[in-house]
$ cat input.cif   # mmCIF, C-alpha atoms
data_entry
loop_
_atom_site.label_atom_id
_atom_site.label_comp_id
_atom_site.auth_asym_id
_atom_site.auth_seq_id
_atom_site.Cartn_x
_atom_site.Cartn_y
_atom_site.Cartn_z
CA MET A 14 72.36 -9.04 -101.61
CA ILE A 15 69.82 -8.07 -98.92
CA PHE A 16 66.42 -9.64 -98.34
CA ILE A 17 63.69 -8.71 -95.89
CA ASN A 18 62.60 -11.30 -93.37
CA SER A 19 58.95 -10.28 -92.94
CA PRO A 20 56.24 -12.22 -94.83
CA LEU A 21 55.33 -10.70 -98.18
CA SER A 22 51.64 -10.76 -97.32
CA ALA A 23 52.03 -8.54 -94.22
CA ALA A 24 53.08 -5.38 -95.97
CA GLU A 25 50.02 -3.17 -96.38
CA ASP A 26 51.85 -0.29 -94.67
CA VAL A 27 55.11 -0.73 -96.57
CA THR A 28 56.26 1.75 -99.20
CA ALA A 29 58.92 0.83 -101.72
CA ILE A 30 60.94 3.25 -103.83
CA GLN A 31 62.21 1.25 -106.77
CA GLY A 32 64.62 1.68 -109.65
CA GLY A 33 66.51 4.86 -108.91
CA ASP A 34 70.15 5.59 -108.24
CA LEU A 35 70.30 5.85 -104.46
CA TYR A 36 72.67 8.55 -103.22
CA THR A 37 73.02 7.24 -99.68
CA ILE A 38 75.60 9.94 -98.78
CA THR A 39 77.33 7.72 -96.21
CA GLY A 40 77.43 4.44 -98.16
CA GLY A 41 78.05 5.38 -101.77
CA ILE A 42 75.64 5.23 -104.71
CA ILE A 43 73.46 2.16 -105.17
CA LYS A 44 72.51 1.80 -108.82
CA ASN A 45 68.96 0.65 -109.59
CA GLY A 46 68.31 0.33 -105.87
CA ILE A 47 65.30 -0.22 -103.67
CA ILE A 48 64.28 1.42 -100.41
CA LEU A 49 61.65 -0.10 -98.14
CA ILE A 50 59.82 2.15 -95.69
CA GLU A 51 57.84 1.03 -92.65
CA ASP A 52 56.40 3.14 -89.83
CA GLY A 53 58.06 6.25 -91.20
CA LYS A 54 61.55 4.72 -91.11
CA ILE A 55 63.86 3.17 -93.69
CA SER A 56 63.57 -0.57 -93.02
CA ASP A 57 65.80 -1.85 -95.82
CA ILE A 58 67.94 -0.51 -98.64
CA GLY A 59 69.98 -2.14 -101.38
CA GLN A 60 69.65 -4.11 -104.61
CA ASN A 61 67.56 -7.24 -105.28
CA ILE A 62 65.35 -6.63 -102.27
CA ALA A 63 62.06 -8.51 -102.30
CA ILE A 64 59.18 -6.03 -102.41
CA PRO A 65 56.09 -7.20 -100.51
CA GLU A 66 53.18 -7.74 -102.88
CA LYS A 67 50.87 -5.27 -101.12
CA ALA A 68 53.48 -2.54 -100.76
CA LYS A 69 52.88 0.87 -102.27
CA VAL A 70 55.52 1.18 -104.99
CA ILE A 71 57.00 4.48 -106.17
CA ASP A 72 58.75 4.10 -109.51
CA ALA A 73 62.02 6.06 -109.49
CA GLY A 74 63.51 4.48 -112.59
CA GLY A 75 66.10 6.75 -114.16
CA LYS A 76 65.88 9.19 -111.24
CA VAL A 77 68.17 10.20 -108.39
CA VAL A 78 66.96 9.26 -104.91
CA MET A 79 68.65 10.88 -101.92
CA PRO A 80 67.99 12.01 -98.36
CA GLY A 81 66.08 15.24 -97.90
CA LEU A 82 68.28 18.32 -97.83
CA ILE A 83 69.16 19.88 -94.47
CA GLY A 84 69.19 23.64 -93.91
CA VAL A 85 71.29 24.96 -91.05
CA GLY A 86 69.24 28.15 -90.95
CA ALA A 87 66.24 28.10 -93.29
CA GLU A 88 63.30 30.32 -92.42
CA PHE A 89 60.02 28.46 -92.64
CA GLY A 90 57.07 27.36 -90.56
CA VAL A 91 57.59 29.70 -87.59
CA ILE A 92 55.42 32.63 -86.58
CA GLY A 93 58.19 34.98 -85.51
CA TYR A 94 56.67 36.82 -82.59
CA PRO A 95 59.54 38.45 -80.65
CA ASP A 96 58.22 37.45 -77.22
CA ILE A 97 57.77 33.70 -77.75
CA ASN A 98 59.67 31.42 -75.39
CA LYS A 99 59.32 28.17 -77.28
CA ILE A 100 59.39 27.61 -81.01
CA ALA A 101 57.10 24.63 -80.48
CA ASP A 102 54.37 27.13 -79.55
CA SER A 103 54.70 29.11 -82.77
CA LEU A 104 54.79 26.51 -85.55
CA ASP A 105 52.58 27.00 -88.58
CA PRO A 106 52.32 23.82 -90.70
CA PHE A 107 50.31 25.69 -93.36
CA ASP A 108 52.87 28.43 -93.89
CA PHE A 109 53.54 29.04 -97.61
CA SER A 110 57.27 28.62 -97.07
CA VAL A 111 56.71 25.06 -95.82
CA SER A 112 55.28 24.06 -99.18
CA LEU A 113 58.18 25.80 -100.94
CA ALA A 114 60.65 23.91 -98.74
CA LEU A 115 59.09 20.62 -99.87
CA ALA A 116 59.31 21.69 -103.50
CA SER A 117 62.98 22.57 -102.94
CA GLY A 118 63.80 19.21 -101.37
CA ILE A 119 64.55 20.70 -97.95
CA THR A 120 62.90 18.42 -95.43
CA THR A 121 64.61 19.54 -92.21
CA SER A 122 66.10 22.77 -90.97
CA MET A 123 67.20 24.64 -87.91
CA VAL A 124 65.01 27.69 -87.31
CA SER A 125 65.49 30.51 -84.86
CA THR A 126 63.77 33.59 -83.52
CA GLY A 127 64.76 36.44 -81.24
CA ARG A 128 68.08 38.22 -80.77
CA PRO A 129 70.24 39.40 -77.87
CA SER A 130 68.89 42.49 -76.16
CA GLY A 131 70.93 45.39 -74.86
CA ASP A 132 74.52 44.45 -74.09
CA SER A 133 73.76 40.75 -73.68
CA PRO A 134 75.88 38.57 -75.99
CA ILE A 135 73.42 35.67 -75.81
CA GLY A 136 69.85 35.66 -77.07
CA GLY A 137 67.38 33.96 -79.34
CA ILE A 138 65.95 30.46 -79.35
CA THR A 139 66.42 27.63 -81.83
CA ALA A 140 64.81 24.37 -82.88
CA VAL A 141 65.01 21.81 -85.64
CA ILE A 142 61.78 21.30 -87.54
CA LYS A 143 60.54 19.33 -90.52
CA ALA A 144 58.57 20.65 -93.47
CA SER A 145 55.58 18.50 -92.54
CA TYR A 146 52.97 20.53 -94.35
CA GLY A 147 49.59 20.38 -92.63
CA ASP A 148 50.80 18.25 -89.70
CA VAL A 149 52.03 20.27 -86.74
CA ASP A 150 52.53 17.12 -84.63
CA GLN A 151 55.30 15.97 -86.99
CA MET A 152 57.10 19.31 -87.33
CA LEU A 153 59.18 19.62 -84.17
CA VAL A 154 62.29 17.44 -84.07
CA LYS A 155 64.38 19.01 -81.32
CA GLU A 156 64.50 22.30 -79.41
CA SER A 157 67.48 24.37 -78.21
CA VAL A 158 69.99 22.73 -80.54
CA VAL A 159 72.57 25.53 -80.53
CA GLN A 160 73.23 28.69 -78.56
CA PRO A 161 73.37 31.86 -80.70
CA VAL A 162 76.11 34.23 -79.53
CA MET A 163 76.52 37.73 -80.97
CA ILE A 164 80.05 38.92 -80.36
CA SER A 165 82.86 40.38 -82.45
CA ASN A 166 86.13 42.24 -82.04
CA ARG A 167 84.29 45.44 -82.89
CA ASP A 168 81.78 44.99 -80.06
CA TRP A 169 84.18 44.81 -77.14
CA LEU A 170 81.43 45.17 -74.51
CA ARG A 171 79.50 42.07 -75.56
CA LYS A 172 82.72 40.14 -76.05
CA THR A 173 83.94 41.07 -72.57
CA THR A 174 80.55 40.28 -71.04
CA PHE A 175 80.53 36.87 -72.72
CA LYS A 176 83.98 36.03 -71.31
CA GLN A 177 83.15 37.28 -67.81
CA ASN A 178 79.92 35.29 -67.71
CA LEU A 179 81.69 32.16 -68.88
CA ARG A 180 84.29 32.58 -66.16
CA GLU A 181 81.63 33.13 -63.50
CA ALA A 182 79.71 30.06 -64.66
CA GLN A 183 82.92 28.03 -64.83
CA ASN A 184 83.87 29.08 -61.31
CA TYR A 185 80.45 28.03 -59.99
CA LEU A 186 80.63 24.63 -61.70
CA ARG A 187 84.09 24.06 -60.23
CA LYS A 188 82.91 24.93 -56.70
CA LEU A 189 79.80 22.80 -57.14
CA SER A 190 81.93 19.83 -58.20
CA GLU A 191 84.20 20.29 -55.19
CA TYR A 192 81.18 20.52 -52.89
CA GLN A 193 79.62 17.35 -54.31
CA GLN A 194 82.88 15.42 -53.99
CA ALA A 195 83.35 16.54 -50.38
CA LYS A 196 79.70 16.11 -49.40
CA GLY A 197 79.47 14.37 -46.03
CA LYS A 198 83.13 14.93 -45.26
CA ASN A 199 82.84 18.53 -44.14
CA LYS A 200 80.19 21.13 -43.42
CA ALA A 201 80.93 23.50 -46.26
CA ALA A 202 77.86 25.25 -47.62
CA GLU A 203 76.63 24.48 -51.12
CA PRO A 204 77.73 27.26 -53.48
CA LYS A 205 75.00 29.67 -54.51
CA LYS A 206 74.00 29.35 -58.13
CA PRO A 207 74.40 32.60 -60.10
CA ARG A 208 71.29 33.95 -61.78
CA ASP A 209 70.71 34.10 -65.53
CA LEU A 210 73.69 31.92 -66.48
CA ASP A 211 71.90 28.74 -67.51
CA ALA A 212 72.90 29.22 -71.15
CA TYR A 213 76.55 29.47 -70.11
CA PHE A 214 76.28 26.29 -68.03
CA ARG A 215 75.01 24.45 -71.12
CA LEU A 216 77.94 25.72 -73.15
CA LEU A 217 80.50 24.72 -70.53
CA ARG A 218 78.92 21.27 -70.17
CA ARG A 219 79.17 20.97 -73.98
CA GLU A 220 75.46 20.25 -74.25
CA VAL A 221 75.13 22.59 -77.24
CA PRO A 222 77.61 24.47 -79.41
CA ALA A 223 77.90 28.24 -79.51
CA VAL A 224 77.12 29.63 -82.96
CA ILE A 225 79.15 32.78 -83.52
CA PRO A 226 79.10 34.88 -86.71
CA ALA A 227 82.74 35.39 -87.65
CA SER A 228 83.41 36.46 -91.21
CA THR A 229 86.92 37.91 -90.83
CA THR A 230 90.12 36.20 -89.80
CA GLY A 231 90.33 38.41 -86.72
CA ASP A 232 86.84 37.47 -85.55
CA ILE A 233 87.50 33.79 -86.25
CA LEU A 234 90.72 33.71 -84.23
CA ALA A 235 89.08 35.67 -81.41
CA ALA A 236 86.24 33.15 -81.29
CA LEU A 237 88.70 30.23 -81.21
CA GLU A 238 90.21 31.71 -78.04
CA PHE A 239 86.99 30.80 -76.22
CA VAL A 240 87.44 27.19 -77.29
CA ASP A 241 91.00 27.22 -75.94
CA GLU A 242 90.09 28.79 -72.60
CA PHE A 243 86.73 27.17 -71.87
CA GLY A 244 86.60 24.03 -74.00
CA ILE A 245 83.19 24.87 -75.44
CA ARG A 246 81.87 23.47 -78.70
CA MET A 247 81.62 26.01 -81.48
CA VAL A 248 80.17 26.66 -84.93
CA LEU A 249 81.46 29.62 -86.94
CA ALA A 250 78.81 31.18 -89.17
CA ASN A 251 79.34 33.44 -92.20
CA ALA A 252 82.98 32.34 -92.20
CA ASP A 253 84.11 34.06 -95.41
CA GLU A 254 87.79 34.11 -94.45
CA ALA A 255 87.90 30.66 -92.84
CA TRP A 256 90.16 29.44 -95.66
CA ILE A 257 92.99 31.58 -94.29
CA VAL A 258 93.02 29.84 -90.89
CA ALA A 259 91.66 26.41 -91.81
CA GLU A 260 94.33 24.57 -89.82
CA GLU A 261 93.59 26.57 -86.66
CA ILE A 262 89.89 25.78 -86.99
CA SER A 263 90.58 22.10 -87.61
CA LYS A 264 92.85 21.78 -84.54
CA ARG A 265 89.92 22.72 -82.32
CA ASP A 266 87.33 20.53 -84.10
CA VAL A 267 85.19 23.58 -84.78
CA ARG A 268 82.44 23.38 -87.41
CA VAL A 269 81.81 26.07 -90.01
CA ILE A 270 78.86 27.42 -92.01
CA ILE A 271 79.77 29.02 -95.31
CA THR A 272 78.19 30.58 -98.39
CA PRO A 273 80.63 29.71 -101.21
CA ARG A 274 79.63 32.55 -103.54
CA GLN A 275 79.65 35.20 -100.78
CA LYS A 276 81.80 38.18 -101.75
CA ARG A 277 84.08 39.97 -99.30
CA ARG A 278 86.63 42.45 -100.53
CA PRO A 279 90.25 42.03 -99.41
CA ASN A 280 91.42 44.35 -96.67
CA GLU A 281 93.94 46.66 -98.33
CA ASP A 282 95.25 47.82 -94.95
CA ILE A 283 96.93 44.49 -94.18
CA SER A 284 99.69 42.62 -96.00
CA GLY A 285 98.35 39.11 -95.32
CA PRO A 286 95.65 37.27 -97.24
CA SER A 287 92.09 38.48 -96.74
CA GLY A 288 88.69 38.55 -98.39
CA SER A 289 86.54 35.77 -99.78
CA THR A 290 87.38 33.09 -102.33
CA LEU A 291 85.35 30.51 -104.22
CA GLU A 292 87.98 28.00 -103.03
CA ASN A 293 86.94 28.45 -99.38
CA ALA A 294 85.16 25.09 -99.18
CA ALA A 295 87.93 23.16 -100.97
CA ILE A 296 90.60 24.63 -98.68
CA LEU A 297 88.53 23.84 -95.58
CA LYS A 298 88.12 20.23 -96.75
CA LYS A 299 91.86 19.92 -97.31
CA GLY A 300 92.46 21.33 -93.83
CA GLY A 301 90.14 18.78 -92.20
CA VAL A 302 87.33 21.22 -91.33
CA LYS A 303 83.73 20.02 -91.45
CA PHE A 304 81.29 22.55 -92.85
CA ALA A 305 77.71 23.09 -93.95
CA ILE A 306 76.66 25.19 -96.91
CA ILE A 307 73.86 27.74 -97.03
CA PRO A 308 72.77 30.24 -99.73
CA PRO A 309 73.03 34.04 -99.38
CA SER A 310 69.37 34.20 -98.29
CA THR A 311 67.81 31.80 -95.80
CA TYR A 312 64.27 32.51 -97.04
CA PHE A 313 62.12 30.69 -99.58
CA GLU A 314 61.14 33.16 -102.26
CA THR A 315 59.44 33.16 -105.64
CA TRP A 316 60.67 36.60 -106.58
CA GLY A 317 63.95 38.51 -106.64
CA VAL A 318 67.26 37.13 -107.89
CA VAL A 319 66.78 33.51 -108.90
CA GLY A 320 69.05 30.95 -107.27
CA ARG A 321 70.21 32.97 -104.26
CA ASP A 322 67.79 31.68 -101.64
CA MET A 323 66.81 28.36 -100.06
CA MET A 324 64.92 27.34 -103.19
CA ALA A 325 68.31 26.55 -104.76
CA LEU A 326 70.38 25.10 -101.91
CA PRO A 327 72.08 22.48 -104.17
CA MET A 328 73.24 25.23 -106.51
CA GLU A 329 75.13 26.87 -103.65
CA ALA A 330 76.93 23.57 -103.12
CA ALA A 331 77.60 23.47 -106.88
CA PHE A 332 79.43 26.79 -106.53
CA ALA A 333 81.73 25.10 -104.01
CA VAL A 334 82.38 22.35 -106.56
CA SER A 335 83.29 24.97 -109.16
CA GLY A 336 85.81 26.23 -106.58
CA GLY A 337 87.54 22.84 -106.39
CA LEU A 338 85.50 20.91 -103.83
CA ASP A 339 84.69 17.28 -104.61
CA GLU A 340 81.02 16.45 -105.22
CA GLN A 341 80.77 13.97 -102.34
CA THR A 342 81.78 16.54 -99.72
CA ALA A 343 79.50 19.12 -101.33
CA LEU A 344 76.56 16.71 -100.98
CA GLU A 345 77.52 16.02 -97.36
CA ALA A 346 77.54 19.77 -96.68
CA ILE A 347 73.81 19.98 -97.45
CA THR A 348 72.85 16.66 -95.88
CA ILE A 349 74.73 14.66 -93.24
CA THR A 350 77.26 17.30 -92.14
CA ALA A 351 74.51 19.91 -91.86
CA ALA A 352 72.52 17.39 -89.79
CA GLU A 353 75.54 16.83 -87.52
CA ILE A 354 75.97 20.55 -86.93
CA ILE A 355 72.36 20.98 -85.79
CA GLY A 356 72.41 17.78 -83.74
CA VAL A 357 70.03 15.49 -85.66
CA ALA A 358 72.32 13.24 -87.69
CA ASP A 359 70.99 10.22 -85.81
CA ARG A 360 67.65 10.72 -87.59
CA VAL A 361 68.24 12.45 -90.92
CA GLY A 362 70.91 13.37 -93.45
CA SER A 363 71.58 9.99 -95.09
CA LEU A 364 69.80 6.94 -96.45
CA GLN A 365 70.37 4.33 -93.75
CA VAL A 366 68.28 1.63 -92.15
CA GLY A 367 66.56 2.98 -89.04
CA LYS A 368 66.65 6.63 -90.06
CA ASP A 369 63.58 8.74 -90.80
CA ALA A 370 62.28 8.18 -94.32
CA ASP A 371 62.83 11.79 -95.38
CA ILE A 372 63.60 11.23 -99.05
CA ILE A 373 63.58 13.24 -102.26
CA ILE A 374 63.43 12.01 -105.85
CA LEU A 375 65.14 14.20 -108.46
CA ASP A 376 64.84 14.22 -112.24
CA GLY A 377 68.58 14.77 -112.69
CA HIS A 378 71.91 15.20 -110.96
CA PRO A 379 71.62 17.17 -107.70
CA PHE A 380 73.99 19.87 -108.95
CA HIS A 381 72.57 20.38 -112.44
CA HIS A 382 70.86 23.74 -112.77
CA LYS A 383 67.88 22.21 -114.60
CA THR A 384 67.18 19.52 -112.00
CA PHE A 385 63.83 19.59 -110.22
CA VAL A 386 62.53 17.77 -107.18
CA GLU A 387 59.83 15.39 -108.44
CA THR A 388 58.74 13.88 -105.12
CA THR A 389 59.37 14.63 -101.46
CA LEU A 390 58.61 12.22 -98.63
CA ILE A 391 58.76 13.04 -94.93
CA ASN A 392 58.49 10.21 -92.42
CA GLY A 393 57.60 7.96 -95.34
CA LYS A 394 54.63 10.05 -96.52
CA VAL A 395 54.53 11.73 -99.91
CA LEU A 396 53.98 15.43 -99.17
CA TYR A 397 54.99 16.90 -102.51
CA GLU A 398 54.68 15.84 -106.15
CA LYS A 399 55.85 18.20 -108.87
CA SER A 400 53.27 16.80 -111.27
CA LYS A 401 50.53 18.16 -108.97
CA SER A 402 52.17 21.48 -108.06
CA ILE A 403 50.39 24.63 -109.24
CA TYR A 404 53.76 26.40 -109.28
CA PHE A 405 56.12 23.93 -110.95
CA ALA A 406 54.11 21.26 -112.82
CA HIS A 407 54.23 23.21 -116.08
CA ILE A 408 58.03 23.56 -116.07
CA THR A 409 59.92 20.98 -118.12
CA ASN A 410 63.58 20.38 -118.97
CA ASP A 411 62.93 20.35 -122.71
#
$ encode --input "input.cif" --output "structure tokens"
Amino acid sequence: MIFINSPLSAAEDVTAIQGGDLYTITGGIIKNGIILIEDGKISDIGQNIAIPEKAKVIDAGGKVVMPGLIGVGAEFGVIGYPDINKIADSLDPFDFSVSLALASGITTSMVSTGRPSGDSPIGGITAVIKASYGDVDQMLVKESVVQPVMISNRDWLRKTTFKQNLREAQNYLRKLSEYQQAKGKNKAAEPKKPRDLDAYFRLLRREVPAVIPASTTGDILAALEFVDEFGIRMVLANADEAWIVAEEISKRDVRVIITPRQKRRPNEDISGPSGSTLENAAILKKGGVKFAIIPPSTYFETWGVVGRDMMALPMEAAFAVSGGLDEQTALEAITITAAEIIGVADRVGSLQVGKDADIIILDGHPFHHKTFVETTLINGKVLYEKSKSIYFAHITND
């Protein structure tokens, strides 16, 4: 039993979410629980919590309350000019996709813009933003969270360039370390810093992970060689055949991004296993690999094939469950594990005291195809209510 210590009369800025089943993600499900929110953070969570008399109360009786969903690559809120140098300079809090993200329960996502040019294997910039509609000051969470790398076994030039640049950067860091250790003991000159290798220095210092698209077993194993040689952190994206080499991925503590329903035909030219399988997520879990889940499309759309874009992120996780994955890990793959991969798990991804009050209230189980987001809060503020939505208010589960 948890009680707050602050006086009940000093709670004009306190919000309480009362009566729902709290899917904390990291601490189980709290039936008929209460969440207290102060200054945009979760200040208390549990059962039998005293609600200050002046608190704003949101009734979630009979509903599911959980942390906002995390997208590891959703496209919203960024004006994608190719020549921008900072995503912070190109945020649009009134972008239509931001409102759709709120309606979908996605409160935080990594966004990116730009691509490698010419033969360069590295390019593009990334940031983590929130779907803070109408409030640009609240959107940016963190910049440069990963380093996109475009290499594959088929593009030998970029792959070779990536390895050569890593070796050059590694050699400089080694000489710099030797120089700093011997400083004052001899008159050796400080090594000259190579140009245009800052991104490689960050990788070698393990400040950010390299995100490498690797759908086939060959590309996955080739990418893992960079972990073995250089000790860099890595995330494998579009990893359709990760299930085949799950143990190799797990040995190196590499993270994975998958789309459970993605189809890849087996390679008839080889005798070993190949192609995609709906059991990809379940096999990765059994092998000890941490992964995030993302739909086939990273856009928010109100047209096209229903359920294949970011509007239906939980349904993609439900496909993993149909392939044998347990529901808890599937929920983690769209919340806390996704937050870990993009470097913001200290703030979002679970319902815990001290974390940002990014919370969604659902009218049913997260993986039921009829479930809708009823309310979305970001930093403790209600930014979406289905009952007031011009797009979804008329839709019922009857």
$ closest_residue --input "input.cif" --among "A:Ile47, A:Ala235, A:Val366, A:Val361" --to "Val258 of chain A" --atoms "only C-alpha atoms"
A:Ala235
$ atom_distance --input "input.cif" --atom1 "atom CA of Ile119 of chain A" --atom2 "atom CA of Ile233 of chain A"
28.9 Å
$ residues_around --input "input.cif" --residues "Val386 of chain A" --least-positions-apart "6" --cutoff "12 Å" --atoms "all atoms listed in the file" --output "number ranges by chain"
A: 73, 76-82, 113-120, 324-327, 372-380, 396-400, 402, 405-406, 408-409
$ resolve_selection --input "input.cif" --expression "the PyMOL selection byres ((chain A and resi 297-302) around 7)" --output "PyMOL selection string"
chain A and resi 256+259-260+262-263+268+293-296+303-304
$ atom_distance --input "input.cif" --atom1 "atom CA of Val27 of chain A" --atom2 "atom CA of Lys401 of chain A"
23.1 Å
$ closest_residue --input "input.cif" --among "A:Val267, A:Leu237, A:Ala195, A:Ala182" --to "Arg208 of chain A" --atoms "only C-alpha atoms"
A:Ala182
$ resolve_selection --input "input.cif" --expression "the PyMOL selection byres ((chain A and resi 288-291) around 6)" --output "PyMOL selection string"
chain A and resi 253-254+273+276-279+287+292-293+336
$ closest_residue --input "input.cif" --among "A:Ala236, A:Ala333, A:Leu186, A:Ala63" --to "Ala223 of chain A" --atoms "all atoms listed in the file"
A:Ala236
$ closest_residue --input "input.cif" --among "A:Phe214, A:Tyr404, A:Gly41, A:Asn280" --to "Thr230 of chain A" --atoms "all atoms listed in the file"
A:Asn280
$ atom_distance --input "input.cif" --atom1 "atom CA of Ile62 of chain A" --atom2 "atom CA of Ala346 of chain A"
29.6 Å
$ residues_around --input "input.cif" --residues "Leu210 of chain A" --least-positions-apart "5" --cutoff "10 Å" --atoms "only C-alpha atoms" --output "number ranges by chain"
A: 178-179, 181-182, 215
$ decode --input "input.cif" --residues "segment 92-111 of chain A" --atoms "N, CA and C atoms" --output "tab-separated table (two decimals), in the first residue's frame"
chain	number	residue	atom	x	y	z
A	92	ILE	N	9.81	18.43	-40.98
A	92	ILE	CA	9.83	18.93	-42.35
A	92	ILE	C	11.09	18.41	-43.00
A	93	GLY	N	10.97	17.48	-43.91
A	93	GLY	CA	12.12	16.72	-44.39
A	93	GLY	C	12.94	17.38	-45.48
A	94	TYR	N	13.39	18.60	-45.26
A	94	TYR	CA	14.29	19.20	-46.24
A	94	TYR	C	15.61	18.44	-46.26
A	95	PRO	N	16.15	18.13	-47.44
A	95	PRO	CA	17.36	17.31	-47.51
A	95	PRO	C	18.61	17.98	-46.98
A	96	ASP	N	18.62	19.32	-46.87
A	96	ASP	CA	19.85	20.00	-46.49
A	96	ASP	C	19.85	20.47	-45.04
A	97	ILE	N	18.90	20.00	-44.22
A	97	ILE	CA	18.89	20.43	-42.82
A	97	ILE	C	20.00	19.71	-42.06
A	98	ASN	N	20.56	20.40	-41.08
A	98	ASN	CA	21.64	19.84	-40.28
A	98	ASN	C	21.19	19.41	-38.90
A	99	LYS	N	20.05	19.93	-38.47
A	99	LYS	CA	19.54	19.58	-37.16
A	99	LYS	C	18.03	19.38	-37.25
A	100	ILE	N	17.57	18.25	-36.74
A	100	ILE	CA	16.14	17.99	-36.76
A	100	ILE	C	15.41	19.00	-35.89
A	101	ALA	N	16.07	19.49	-34.85
A	101	ALA	CA	15.45	20.48	-33.98
A	101	ALA	C	15.02	21.73	-34.75
A	102	ASP	N	15.68	22.00	-35.87
A	102	ASP	CA	15.36	23.19	-36.67
A	102	ASP	C	14.24	22.93	-37.67
A	103	SER	N	13.71	21.73	-37.72
A	103	SER	CA	12.72	21.41	-38.75
A	103	SER	C	11.48	20.72	-38.18
A	104	LEU	N	11.19	20.96	-36.90
A	104	LEU	CA	10.03	20.34	-36.27
A	104	LEU	C	8.76	21.14	-36.57
A	105	ASP	N	7.70	20.42	-36.82
A	105	ASP	CA	6.41	21.04	-37.09
A	105	ASP	C	5.38	20.45	-36.13
A	106	PRO	N	5.06	21.15	-35.04
A	106	PRO	CA	4.13	20.60	-34.04
A	106	PRO	C	2.69	20.56	-34.52
A	107	PHE	N	2.39	21.19	-35.66
A	107	PHE	CA	1.04	21.19	-36.19
A	107	PHE	C	0.87	20.24	-37.38
A	108	ASP	N	1.89	19.43	-37.62
A	108	ASP	CA	1.82	18.47	-38.71
A	108	ASP	C	0.67	17.49	-38.46
A	109	PHE	N	-0.08	17.17	-39.54
A	109	PHE	CA	-1.23	16.27	-39.41
A	109	PHE	C	-0.84	14.93	-38.80
A	110	SER	N	0.35	14.44	-39.14
A	110	SER	CA	0.77	13.14	-38.63
A	110	SER	C	0.98	13.15	-37.12
A	111	VAL	N	1.25	14.31	-36.54
A	111	VAL	CA	1.39	14.39	-35.09
A	111	VAL	C	0.06	14.08	-34.41
